[in-house]
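Chemist: Quick one, model-v7.txt (compact mmCIF, N, CA, C and O atoms):
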```txt
# COMPACT_ATOMS: atom_id res chain seq x y z
N MET A 17 0.85 -1.19 0.00
CA MET A 17 0.00 0.00 0.00
C MET A 17 0.89 1.24 0.00
O MET A 17 1.88 1.31 0.70
N SER A 18 0.49 2.24 -0.73
CA SER A 18 1.25 3.48 -0.85
C SER A 18 1.09 4.32 0.41
O SER A 18 0.04 4.33 1.05
N ASP A 19 2.14 5.06 0.75
CA ASP A 19 2.04 6.00 1.86
C ASP A 19 1.64 7.39 1.37
O ASP A 19 1.63 8.34 2.11
N ARG A 20 1.31 7.48 0.10
CA ARG A 20 0.85 8.74 -0.49
C ARG A 20 -0.65 8.69 -0.65
O ARG A 20 -1.26 7.64 -0.69
N GLY A 21 -1.22 9.88 -0.80
CA GLY A 21 -2.65 9.96 -1.05
C GLY A 21 -2.97 9.64 -2.49
O GLY A 21 -2.09 9.60 -3.36
N THR A 22 -4.23 9.42 -2.75
CA THR A 22 -4.67 9.13 -4.11
C THR A 22 -5.45 10.29 -4.73
O THR A 22 -5.98 10.16 -5.82
N GLY A 23 -5.51 11.39 -4.02
CA GLY A 23 -6.23 12.55 -4.53
C GLY A 23 -5.32 13.77 -4.62
O GLY A 23 -4.32 13.88 -3.92
N LEU A 24 -5.68 14.66 -5.53
CA LEU A 24 -4.94 15.89 -5.73
C LEU A 24 -5.93 17.01 -5.99
O LEU A 24 -6.85 16.87 -6.80
N LEU A 25 -5.75 18.11 -5.28
CA LEU A 25 -6.51 19.33 -5.53
C LEU A 25 -5.55 20.34 -6.12
O LEU A 25 -4.50 20.61 -5.55
N LEU A 26 -5.89 20.87 -7.28
CA LEU A 26 -5.07 21.84 -7.99
C LEU A 26 -5.85 23.15 -8.06
O LEU A 26 -7.02 23.14 -8.45
N VAL A 27 -5.21 24.24 -7.67
CA VAL A 27 -5.84 25.56 -7.73
C VAL A 27 -4.88 26.51 -8.42
O VAL A 27 -3.70 26.57 -8.06
N MET A 28 -5.38 27.22 -9.44
CA MET A 28 -4.58 28.23 -10.13
C MET A 28 -5.32 29.56 -10.03
O MET A 28 -6.52 29.62 -10.28
N ILE A 29 -4.56 30.61 -9.66
CA ILE A 29 -5.17 31.92 -9.44
C ILE A 29 -4.28 33.02 -10.00
O ILE A 29 -3.06 32.98 -9.85
N ASP A 30 -4.91 34.01 -10.61
CA ASP A 30 -4.29 35.30 -10.91
C ASP A 30 -4.96 36.30 -9.99
O ASP A 30 -6.15 36.19 -9.68
N ILE A 31 -4.20 37.29 -9.57
CA ILE A 31 -4.70 38.30 -8.63
C ILE A 31 -4.33 39.68 -9.14
O ILE A 31 -3.26 39.86 -9.73
N ASP A 32 -5.21 40.63 -8.92
CA ASP A 32 -4.92 42.03 -9.23
C ASP A 32 -3.63 42.40 -8.48
O ASP A 32 -3.54 42.20 -7.26
N PRO A 33 -2.61 42.90 -9.18
CA PRO A 33 -1.33 43.21 -8.52
C PRO A 33 -1.44 44.13 -7.30
O PRO A 33 -0.63 44.04 -6.38
N ALA A 34 -2.44 44.96 -7.26
CA ALA A 34 -2.61 45.86 -6.11
C ALA A 34 -2.93 45.09 -4.82
O ALA A 34 -2.74 45.61 -3.73
N TYR A 35 -3.39 43.84 -4.94
CA TYR A 35 -3.79 43.03 -3.79
C TYR A 35 -2.90 41.81 -3.59
O TYR A 35 -3.18 40.97 -2.74
N GLU A 36 -1.83 41.74 -4.35
CA GLU A 36 -0.97 40.55 -4.35
C GLU A 36 -0.29 40.30 -3.00
O GLU A 36 -0.20 39.17 -2.55
N GLU A 37 0.18 41.35 -2.35
CA GLU A 37 0.86 41.16 -1.06
C GLU A 37 -0.11 40.58 -0.03
O GLU A 37 0.22 39.63 0.69
N ASP A 38 -1.32 41.12 0.04
CA ASP A 38 -2.32 40.60 0.98
C ASP A 38 -2.71 39.17 0.62
O ASP A 38 -2.88 38.32 1.50
N PHE A 39 -2.84 38.90 -0.66
CA PHE A 39 -3.16 37.56 -1.13
C PHE A 39 -2.12 36.54 -0.67
O PHE A 39 -2.46 35.47 -0.14
N ASN A 40 -0.84 36.86 -0.83
CA ASN A 40 0.21 35.93 -0.43
C ASN A 40 0.26 35.74 1.09
O ASN A 40 0.49 34.63 1.57
N ARG A 41 0.04 36.81 1.83
CA ARG A 41 -0.05 36.68 3.29
C ARG A 41 -1.22 35.80 3.67
O ARG A 41 -1.10 34.92 4.54
N TRP A 42 -2.38 36.00 3.06
CA TRP A 42 -3.57 35.18 3.33
C TRP A 42 -3.28 33.71 3.06
O TRP A 42 -3.59 32.86 3.88
N TYR A 43 -2.67 33.43 1.92
CA TYR A 43 -2.39 32.03 1.56
C TYR A 43 -1.46 31.39 2.59
O TYR A 43 -1.72 30.29 3.08
N ASP A 44 -0.37 32.10 2.94
CA ASP A 44 0.63 31.55 3.85
C ASP A 44 0.18 31.50 5.31
O ASP A 44 0.51 30.55 6.02
N GLU A 45 -0.53 32.52 5.75
CA GLU A 45 -0.86 32.64 7.17
C GLU A 45 -2.20 32.04 7.56
O GLU A 45 -2.39 31.66 8.71
N GLU A 46 -3.13 31.97 6.60
CA GLU A 46 -4.46 31.45 6.95
C GLU A 46 -4.87 30.24 6.11
O GLU A 46 -5.19 29.19 6.66
N HIS A 47 -4.84 30.39 4.81
CA HIS A 47 -5.45 29.37 3.95
C HIS A 47 -4.73 28.02 4.02
O HIS A 47 -5.37 27.00 4.27
N VAL A 48 -3.43 28.01 3.81
CA VAL A 48 -2.70 26.74 3.84
C VAL A 48 -2.76 26.10 5.24
O VAL A 48 -3.07 24.91 5.35
N PRO A 49 -2.50 26.84 6.33
CA PRO A 49 -2.62 26.20 7.64
C PRO A 49 -4.02 25.64 7.92
O PRO A 49 -4.15 24.57 8.51
N GLU A 50 -5.05 26.35 7.47
CA GLU A 50 -6.42 25.87 7.65
C GLU A 50 -6.61 24.55 6.91
O GLU A 50 -7.16 23.59 7.46
N ARG A 51 -6.14 24.49 5.67
CA ARG A 51 -6.30 23.26 4.90
C ARG A 51 -5.50 22.11 5.51
O ARG A 51 -6.00 20.98 5.61
N LEU A 52 -4.27 22.37 5.90
CA LEU A 52 -3.45 21.30 6.47
C LEU A 52 -3.97 20.83 7.83
O LEU A 52 -3.64 19.73 8.27
N GLY A 53 -4.80 21.63 8.48
CA GLY A 53 -5.44 21.22 9.72
C GLY A 53 -6.66 20.34 9.51
O GLY A 53 -7.20 19.79 10.46
N CYS A 54 -7.07 20.19 8.27
CA CYS A 54 -8.24 19.37 7.93
C CYS A 54 -7.80 17.93 7.71
O CYS A 54 -6.90 17.68 6.89
N PRO A 55 -8.40 16.97 8.41
CA PRO A 55 -8.04 15.56 8.19
C PRO A 55 -8.16 15.19 6.71
O PRO A 55 -9.14 15.55 6.05
N GLY A 56 -7.16 14.49 6.21
CA GLY A 56 -7.17 14.06 4.82
C GLY A 56 -6.32 14.91 3.90
O GLY A 56 -5.99 14.49 2.80
N PHE A 57 -5.95 16.12 4.33
CA PHE A 57 -5.00 16.94 3.58
C PHE A 57 -3.61 16.53 4.02
O PHE A 57 -3.26 16.66 5.20
N LEU A 58 -2.81 16.02 3.11
CA LEU A 58 -1.50 15.48 3.45
C LEU A 58 -0.37 16.48 3.26
O LEU A 58 0.62 16.46 3.98
N SER A 59 -0.50 17.33 2.26
CA SER A 59 0.54 18.32 2.00
C SER A 59 -0.04 19.45 1.16
O SER A 59 -1.10 19.31 0.54
N ALA A 60 0.69 20.56 1.17
CA ALA A 60 0.32 21.72 0.36
C ALA A 60 1.60 22.33 -0.18
O ALA A 60 2.58 22.48 0.55
N ARG A 61 1.59 22.65 -1.45
CA ARG A 61 2.74 23.30 -2.09
C ARG A 61 2.23 24.42 -2.97
O ARG A 61 1.20 24.28 -3.62
N ARG A 62 2.96 25.54 -2.97
CA ARG A 62 2.60 26.67 -3.82
C ARG A 62 3.73 26.97 -4.79
O ARG A 62 4.90 26.80 -4.47
N PHE A 63 3.34 27.45 -5.95
CA PHE A 63 4.29 27.78 -7.01
C PHE A 63 3.89 29.10 -7.64
O PHE A 63 2.72 29.46 -7.68
N VAL A 64 4.90 29.80 -8.18
CA VAL A 64 4.65 31.01 -8.95
C VAL A 64 5.19 30.75 -10.36
O VAL A 64 6.27 30.15 -10.53
N SER A 65 4.45 31.16 -11.35
CA SER A 65 4.82 30.91 -12.73
C SER A 65 6.08 31.67 -13.14
O SER A 65 6.23 32.85 -12.82
N VAL A 66 6.95 30.98 -13.86
CA VAL A 66 8.09 31.65 -14.47
C VAL A 66 7.79 31.95 -15.94
O VAL A 66 8.52 32.70 -16.59
N ASP A 67 6.70 31.36 -16.44
CA ASP A 67 6.28 31.58 -17.81
C ASP A 67 4.82 31.18 -17.93
O ASP A 67 4.45 30.06 -17.57
N GLY A 68 3.99 32.06 -18.38
CA GLY A 68 2.59 31.72 -18.60
C GLY A 68 1.69 32.15 -17.45
O GLY A 68 2.14 32.72 -16.46
N GLU A 69 0.43 31.85 -17.62
CA GLU A 69 -0.60 32.22 -16.66
C GLU A 69 -1.50 31.02 -16.40
O GLU A 69 -1.56 30.12 -17.22
N PRO A 70 -2.20 31.02 -15.30
CA PRO A 70 -2.23 31.93 -14.18
C PRO A 70 -0.90 31.98 -13.44
O PRO A 70 -0.08 31.07 -13.54
N LYS A 71 -0.71 33.04 -12.67
CA LYS A 71 0.56 33.29 -11.99
C LYS A 71 0.81 32.32 -10.84
O LYS A 71 1.93 31.89 -10.62
N TYR A 72 -0.24 31.96 -10.09
CA TYR A 72 -0.07 31.14 -8.89
C TYR A 72 -0.73 29.77 -9.05
O TYR A 72 -1.82 29.65 -9.61
N LEU A 73 -0.04 28.77 -8.52
CA LEU A 73 -0.51 27.39 -8.54
C LEU A 73 -0.34 26.82 -7.14
O LEU A 73 0.71 27.01 -6.51
N ALA A 74 -1.37 26.16 -6.64
CA ALA A 74 -1.28 25.44 -5.37
C ALA A 74 -1.70 24.00 -5.62
O ALA A 74 -2.66 23.73 -6.33
N LEU A 75 -0.93 23.08 -5.03
CA LEU A 75 -1.22 21.65 -5.13
C LEU A 75 -1.40 21.11 -3.72
O LEU A 75 -0.55 21.32 -2.85
N TYR A 76 -2.50 20.42 -3.51
CA TYR A 76 -2.78 19.81 -2.22
C TYR A 76 -2.90 18.30 -2.43
O TYR A 76 -3.75 17.86 -3.21
N GLU A 77 -2.07 17.54 -1.74
CA GLU A 77 -2.18 16.09 -1.79
C GLU A 77 -3.23 15.67 -0.77
O GLU A 77 -3.20 16.11 0.39
N LEU A 78 -4.16 14.82 -1.20
CA LEU A 78 -5.28 14.39 -0.37
C LEU A 78 -5.22 12.88 -0.16
O LEU A 78 -4.76 12.14 -1.05
N ASP A 79 -5.72 12.41 0.99
CA ASP A 79 -5.86 10.96 1.17
C ASP A 79 -6.59 10.38 -0.03
O ASP A 79 -6.17 9.38 -0.60
N ASP A 80 -7.69 11.01 -0.40
CA ASP A 80 -8.46 10.66 -1.58
C ASP A 80 -9.36 11.85 -1.90
O ASP A 80 -9.53 12.75 -1.06
N PRO A 81 -9.93 11.91 -3.10
CA PRO A 81 -10.76 13.06 -3.47
C PRO A 81 -11.97 13.26 -2.57
O PRO A 81 -12.47 14.39 -2.43
N GLU A 82 -12.44 12.20 -1.92
CA GLU A 82 -13.63 12.30 -1.07
C GLU A 82 -13.40 13.16 0.17
O GLU A 82 -14.36 13.56 0.84
N VAL A 83 -12.15 13.48 0.47
CA VAL A 83 -11.84 14.39 1.58
C VAL A 83 -12.63 15.69 1.43
O VAL A 83 -13.08 16.28 2.41
N LEU A 84 -12.85 16.11 0.19
CA LEU A 84 -13.55 17.37 -0.08
C LEU A 84 -15.05 17.28 0.16
O LEU A 84 -15.75 18.29 0.05
N GLU A 85 -15.53 16.10 0.51
CA GLU A 85 -16.95 15.90 0.82
C GLU A 85 -17.18 15.66 2.31
O GLU A 85 -18.31 15.46 2.73
N THR A 86 -16.12 15.69 3.11
CA THR A 86 -16.25 15.38 4.53
C THR A 86 -16.83 16.55 5.32
O THR A 86 -16.75 17.71 4.89
N ASP A 87 -17.36 16.23 6.48
CA ASP A 87 -17.88 17.28 7.36
C ASP A 87 -16.77 18.22 7.79
O ASP A 87 -16.99 19.43 7.92
N ALA A 88 -15.56 17.69 8.03
CA ALA A 88 -14.44 18.53 8.46
C ALA A 88 -14.11 19.58 7.39
O ALA A 88 -13.86 20.74 7.71
N TYR A 89 -14.10 19.16 6.13
CA TYR A 89 -13.82 20.12 5.05
C TYR A 89 -14.96 21.12 4.91
O TYR A 89 -14.74 22.33 4.80
N LYS A 90 -16.18 20.64 4.95
CA LYS A 90 -17.33 21.52 4.81
C LYS A 90 -17.45 22.50 5.97
O LYS A 90 -18.00 23.59 5.82
N ALA A 91 -16.88 22.15 7.13
CA ALA A 91 -16.93 23.04 8.29
C ALA A 91 -16.09 24.29 8.09
O ALA A 91 -16.24 25.27 8.83
N MET A 92 -15.22 24.29 7.09
CA MET A 92 -14.42 25.48 6.79
C MET A 92 -15.21 26.52 6.00
O MET A 92 -14.67 27.53 5.58
N GLN A 93 -16.48 26.27 5.79
CA GLN A 93 -17.36 27.21 5.11
C GLN A 93 -18.29 27.81 6.15
O GLN A 93 -18.61 27.15 7.11
N PRO A 94 -18.76 29.00 6.03
CA PRO A 94 -18.50 29.94 4.95
C PRO A 94 -17.09 30.50 5.03
O PRO A 94 -16.40 30.33 6.05
N PRO A 95 -16.67 31.19 3.99
CA PRO A 95 -15.31 31.75 3.96
C PRO A 95 -15.07 32.73 5.11
O PRO A 95 -15.98 33.40 5.58
N THR A 96 -13.82 32.80 5.53
CA THR A 96 -13.43 33.75 6.57
C THR A 96 -13.52 35.18 6.04
O THR A 96 -13.62 35.41 4.83
N GLU A 97 -13.43 36.13 6.95
CA GLU A 97 -13.45 37.54 6.54
C GLU A 97 -12.26 37.87 5.64
O GLU A 97 -12.40 38.62 4.68
N TRP A 98 -11.11 37.29 5.95
CA TRP A 98 -9.92 37.54 5.11
C TRP A 98 -10.14 36.99 3.71
O TRP A 98 -9.83 37.63 2.72
N THR A 99 -10.70 35.79 3.62
CA THR A 99 -11.00 35.20 2.31
C THR A 99 -11.96 36.09 1.53
O THR A 99 -11.78 36.33 0.34
N LYS A 100 -12.98 36.57 2.21
CA LYS A 100 -13.96 37.46 1.55
C LYS A 100 -13.31 38.75 1.06
O LYS A 100 -13.74 39.31 0.06
N ARG A 101 -12.28 39.21 1.77
CA ARG A 101 -11.60 40.44 1.37
C ARG A 101 -10.69 40.22 0.16
O ARG A 101 -10.56 41.08 -0.70
N VAL A 102 -10.06 39.05 0.09
CA VAL A 102 -9.07 38.78 -0.96
C VAL A 102 -9.70 38.25 -2.25
O VAL A 102 -9.33 38.67 -3.35
N SER A 103 -10.64 37.36 -2.14
CA SER A 103 -11.15 36.64 -3.32
C SER A 103 -11.79 37.52 -4.40
O SER A 103 -11.70 37.18 -5.58
N PRO A 104 -12.42 38.64 -4.09
CA PRO A 104 -12.97 39.46 -5.18
C PRO A 104 -11.90 40.01 -6.13
O PRO A 104 -12.23 40.46 -7.23
N HIS A 105 -10.65 39.96 -5.73
CA HIS A 105 -9.57 40.52 -6.54
C HIS A 105 -8.85 39.47 -7.39
O HIS A 105 -7.89 39.79 -8.07
N TRP A 106 -9.35 38.22 -7.34
CA TRP A 106 -8.82 37.19 -8.22
C TRP A 106 -9.31 37.52 -9.63
O TRP A 106 -10.49 37.74 -9.86
N THR A 107 -8.39 37.55 -10.57
CA THR A 107 -8.78 37.85 -11.95
C THR A 107 -8.99 36.58 -12.76
O THR A 107 -9.55 36.62 -13.85
N SER A 108 -8.51 35.46 -12.25
CA SER A 108 -8.84 34.15 -12.80
C SER A 108 -8.70 33.13 -11.69
O SER A 108 -7.94 33.31 -10.74
N TYR A 109 -9.49 32.06 -11.81
CA TYR A 109 -9.52 31.03 -10.77
C TYR A 109 -9.87 29.70 -11.42
O TYR A 109 -10.89 29.60 -12.13
N VAL A 110 -9.02 28.70 -11.21
CA VAL A 110 -9.26 27.35 -11.70
C VAL A 110 -9.09 26.41 -10.52
O VAL A 110 -8.09 26.51 -9.78
N ARG A 111 -10.03 25.51 -10.32
CA ARG A 111 -9.95 24.52 -9.24
C ARG A 111 -10.33 23.17 -9.82
O ARG A 111 -11.45 23.00 -10.31
N ASN A 112 -9.39 22.23 -9.79
CA ASN A 112 -9.63 20.89 -10.31
C ASN A 112 -9.28 19.86 -9.25
O ASN A 112 -8.32 20.03 -8.49
N VAL A 113 -10.04 18.77 -9.23
CA VAL A 113 -9.80 17.66 -8.31
C VAL A 113 -9.46 16.44 -9.14
O VAL A 113 -10.12 16.16 -10.15
N TYR A 114 -8.43 15.72 -8.72
CA TYR A 114 -7.95 14.56 -9.47
C TYR A 114 -7.87 13.32 -8.58
O TYR A 114 -7.65 13.43 -7.38
N ARG A 115 -8.03 12.18 -9.23
CA ARG A 115 -7.82 10.88 -8.59
C ARG A 115 -6.65 10.21 -9.29
O ARG A 115 -6.57 10.23 -10.53
N GLU A 116 -5.75 9.62 -8.51
CA GLU A 116 -4.59 8.95 -9.08
C GLU A 116 -5.01 7.76 -9.95
O GLU A 116 -5.94 7.02 -9.60
N ILE A 117 -4.32 7.60 -11.05
CA ILE A 117 -4.52 6.44 -11.91
C ILE A 117 -3.52 5.39 -11.44
O ILE A 117 -2.30 5.61 -11.51
N PRO A 118 -4.01 4.25 -10.93
CA PRO A 118 -3.07 3.24 -10.44
C PRO A 118 -2.18 2.72 -11.55
O PRO A 118 -2.59 2.56 -12.70
N SER A 119 -0.93 2.44 -11.20
CA SER A 119 0.02 1.90 -12.15
C SER A 119 -0.39 0.48 -12.52
O SER A 119 -0.83 -0.29 -11.67
N ARG A 120 -0.21 0.14 -13.77
CA ARG A 120 -0.52 -1.22 -14.23
C ARG A 120 0.68 -2.15 -14.07
O ARG A 120 0.57 -3.34 -14.28
N ALA A 121 1.85 -1.55 -13.73
CA ALA A 121 3.05 -2.37 -13.55
C ALA A 121 2.95 -3.16 -12.25
O ALA A 121 2.46 -2.68 -11.26
N SER A 122 3.43 -4.36 -12.30
CA SER A 122 3.39 -5.21 -11.10
C SER A 122 4.77 -5.35 -10.52
O SER A 122 5.74 -5.42 -11.17
```
Can you present the structure in this file as C-alpha cells?
Modeler:
Amino acid sequence: MSDRGTGLLLVMIDIDPAYEEDFNRWYDEEHVPERLGCPGFLSARRFVSVDGEPKYLALYELDDPEVLETDAYKAMQPPTEWTKRVSPHWTSYVRNVYREIPSRAS
C-alpha cells in the first residue's frame, strides 16, 4: 500500500497586482494552515509561474478526493473575513480535483 494519497486538488489563481501582497499573506498565514489542519489533507505546495498564466498554482495532496466531501472540510465554510476580502480581486480562478490512476506495472 502506498504512503501517499490518491487525490490531488489543484488551484490556479491570478490576482490584481494591487492586492498581491495581501493575497500571499492570506495564503501563507491562513489558507494553507487551515487546509493542512483538515483531516485528509497530506501536503500543500505553492508555485509562482516563471512563464505563462495563471501566476499562482497550489497543489494539495489528499488521502483521496472524497476528503472534499467530509464534514471537516465543509466546516471550513463559509469563507473567513480575510478570504472574503481577498477573493474578489482574483482575476482568474481554476480549481480541479484529481484521482490517481493506479500503475498497471506489477
Chemist: Could you please determine the separation between atom O of Arg62 of chain A and atom N of Asp32 of chain A in Å, to one decimal place?
Modeler: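 Between atom O of Arg62 of chain A and atom N of Asp32 of chain A the gap is 17.7 Å.
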Chemist: To one decimal place, how far is atom CA of Arg115 of chain A from atom N of Leu24 of chain A in Å?
Modeler: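 Going from atom CA of Arg115 of chain A over to atom N of Leu24 of chain A covers 5.3 Å.
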Chemist: For segment 35-45 of chain A, find every residue with an atom within 8 Å (counting only N, CA, C and O atoms), except residues of its own chain fewer than 4 positions away, and show them as number ranges by chain.
Modeler: A: 31, 49-51, 98-99, 101-103, 105
Chemist: Would you tabulate, counting all atoms listed in the file, all residues of segment 38-71 of chain A that have an atom at most 6 Å from an atom of segment 81-91 of chain A, showing the closest pair of atoms and their distance in Å to one decimal, sorted by chain then ascending number, as CSV?
Modeler:
```
residue,atom,partner,partner_atom,distance
A:Cys54,CA,A:Ala88,O,5.8
A:Pro55,O,A:Val83,CA,5.3
A:Gly56,CA,A:Val83,CA,5.7
```
Chemist: Enter the distance from atom O of Arg61 of chain A to atom O of Ser119 of chain A, in Å, rounded to one decimal.
Modeler: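 Computing it gives 25.9 Å between the two atoms.
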Chemist: Closest to Asp79 of chain A among A:Met92, A:Val64, A:Ile117, A:Leu58, using only N, CA, C and O atoms?
Modeler: A:Leu58
Chemist: For each of A:Ala121, A:Val110, A:Ala60, A:Met28, take the minimum atom-to-atom distance to Leu78 of chain A, counting only C-alpha atoms, then give the residue where this is smallest.
Modeler: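 Of A:Ala121, A:Val110, A:Ala60, A:Met28, the one nearest Leu78 of chain A is A:Ala60, counting only C-alpha atoms.
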Chemist: Show me as a PDB file with N, CA, C and O atoms, in the frame of the given file the residues that reach within 6 Å of (-3.4, 9.6, -6.2), counting only C-alpha atoms and using the file's own coordinates.
Modeler:
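File produced: out_36.pdb:
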```
ATOM      1  N   GLY A  21      -1.220   9.880  -0.800  1.00  0.00           N
ATOM      2  CA  GLY A  21      -2.650   9.960  -1.050  1.00  0.00           C
ATOM      3  C   GLY A  21      -2.970   9.640  -2.490  1.00  0.00           C
ATOM      4  O   GLY A  21      -2.090   9.600  -3.360  1.00  0.00           O
ATOM      5  N   THR A  22      -4.230   9.420  -2.750  1.00  0.00           N
ATOM      6  CA  THR A  22      -4.670   9.130  -4.110  1.00  0.00           C
ATOM      7  C   THR A  22      -5.450  10.290  -4.730  1.00  0.00           C
ATOM      8  O   THR A  22      -5.980  10.160  -5.820  1.00  0.00           O
ATOM      9  N   GLY A  23      -5.510  11.390  -4.020  1.00  0.00           N
ATOM     10  CA  GLY A  23      -6.230  12.550  -4.530  1.00  0.00           C
ATOM     11  C   GLY A  23      -5.320  13.770  -4.620  1.00  0.00           C
ATOM     12  O   GLY A  23      -4.320  13.880  -3.920  1.00  0.00           O
ATOM     13  N   ARG A 115      -8.030  12.180  -9.230  1.00  0.00           N
ATOM     14  CA  ARG A 115      -7.820  10.880  -8.590  1.00  0.00           C
ATOM     15  C   ARG A 115      -6.650  10.210  -9.290  1.00  0.00           C
ATOM     16  O   ARG A 115      -6.570  10.230 -10.530  1.00  0.00           O
ATOM     17  N   GLU A 116      -5.750   9.620  -8.510  1.00  0.00           N
ATOM     18  CA  GLU A 116      -4.590   8.950  -9.080  1.00  0.00           C
ATOM     19  C   GLU A 116      -5.010   7.760  -9.950  1.00  0.00           C
ATOM     20  O   GLU A 116      -5.940   7.020  -9.600  1.00  0.00           O
TER      21      GLU A 116
END
```
Chemist: If we count only C-alpha atoms, what is near Arg111 of chain A at a cut-off of 12 Å, once residues fewer than 5 positions away on the same chain are taken out, given as a list in words?
Modeler: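 Contacts, with the query itself left out: Leu24, Leu25, Leu26, Val27, Met28, Ile29, Pro70, Tyr72, Leu73, Ala74, Leu75 and Tyr76 of chain A.
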Chemist: Rank nothing, just name the residue among A:Thr107, A:Val113, A:Asp30, A:Pro118 nearest to Gly68 of chain A, using only C-alpha atoms.
Modeler: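 So, comparing all the options, the nearest one is A:Asp30.
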Chemist: DSSP on the backbone: which residues in segment 25-116 of chain A end up as strand (DSSP E)? Give the answer as a PyMOL selection string.
Modeler: chain A and resi 25-31+57-64+72-78+106-115
Chemist: As a PyMOL selection string, please: all residues of chain A that backbone DSSP puts in helix (DSSP H, G or I).
Modeler: chain A and resi 33-52+81-85+87-90+97-105
Chemist: Can you take segment 29-41 of chain A from the block and write N, CA, C and O atoms as an mmCIF file, in the first residue's frame?
Modeler:
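Dumped everything to out.cif:
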```cif
data_model
loop_
_atom_site.group_PDB
_atom_site.id
_atom_site.type_symbol
_atom_site.label_atom_id
_atom_site.label_comp_id
_atom_site.auth_asym_id
_atom_site.auth_seq_id
_atom_site.Cartn_x
_atom_site.Cartn_y
_atom_site.Cartn_z
ATOM 1 N N ILE A 29 -4.562 30.612 -9.662
ATOM 2 C CA ILE A 29 -5.172 31.918 -9.438
ATOM 3 C C ILE A 29 -4.282 33.022 -9.997
ATOM 4 O O ILE A 29 -3.060 32.985 -9.852
ATOM 5 N N ASP A 30 -4.910 34.007 -10.612
ATOM 6 C CA ASP A 30 -4.291 35.297 -10.909
ATOM 7 C C ASP A 30 -4.956 36.304 -9.988
ATOM 8 O O ASP A 30 -6.147 36.189 -9.676
ATOM 9 N N ILE A 31 -4.196 37.293 -9.571
ATOM 10 C CA ILE A 31 -4.696 38.297 -8.632
ATOM 11 C C ILE A 31 -4.332 39.685 -9.140
ATOM 12 O O ILE A 31 -3.256 39.861 -9.730
ATOM 13 N N ASP A 32 -5.211 40.633 -8.917
ATOM 14 C CA ASP A 32 -4.916 42.031 -9.228
ATOM 15 C C ASP A 32 -3.628 42.395 -8.477
ATOM 16 O O ASP A 32 -3.544 42.196 -7.261
ATOM 17 N N PRO A 33 -2.609 42.900 -9.175
ATOM 18 C CA PRO A 33 -1.328 43.207 -8.522
ATOM 19 C C PRO A 33 -1.444 44.129 -7.301
ATOM 20 O O PRO A 33 -0.634 44.035 -6.383
ATOM 21 N N ALA A 34 -2.442 44.962 -7.255
ATOM 22 C CA ALA A 34 -2.612 45.856 -6.105
ATOM 23 C C ALA A 34 -2.931 45.092 -4.823
ATOM 24 O O ALA A 34 -2.739 45.609 -3.728
ATOM 25 N N TYR A 35 -3.391 43.838 -4.945
ATOM 26 C CA TYR A 35 -3.790 43.034 -3.789
ATOM 27 C C TYR A 35 -2.899 41.807 -3.589
ATOM 28 O O TYR A 35 -3.177 40.971 -2.736
ATOM 29 N N GLU A 36 -1.832 41.738 -4.347
ATOM 30 C CA GLU A 36 -0.974 40.548 -4.353
ATOM 31 C C GLU A 36 -0.288 40.305 -3.000
ATOM 32 O O GLU A 36 -0.198 39.165 -2.546
ATOM 33 N N GLU A 37 0.184 41.349 -2.351
ATOM 34 C CA GLU A 37 0.858 41.165 -1.058
ATOM 35 C C GLU A 37 -0.112 40.582 -0.025
ATOM 36 O O GLU A 37 0.221 39.631 0.690
ATOM 37 N N ASP A 38 -1.318 41.119 0.043
ATOM 38 C CA ASP A 38 -2.321 40.605 0.980
ATOM 39 C C ASP A 38 -2.712 39.172 0.623
ATOM 40 O O ASP A 38 -2.884 38.323 1.501
ATOM 41 N N PHE A 39 -2.838 38.900 -0.659
ATOM 42 C CA PHE A 39 -3.159 37.555 -1.131
ATOM 43 C C PHE A 39 -2.119 36.539 -0.665
ATOM 44 O O PHE A 39 -2.463 35.474 -0.143
ATOM 45 N N ASN A 40 -0.844 36.861 -0.829
ATOM 46 C CA ASN A 40 0.213 35.926 -0.430
ATOM 47 C C ASN A 40 0.265 35.745 1.086
ATOM 48 O O ASN A 40 0.489 34.634 1.573
ATOM 49 N N ARG A 41 0.039 36.810 1.829
ATOM 50 C CA ARG A 41 -0.046 36.681 3.293
ATOM 51 C C ARG A 41 -1.220 35.796 3.671
ATOM 52 O O ARG A 41 -1.103 34.924 4.535
#
```
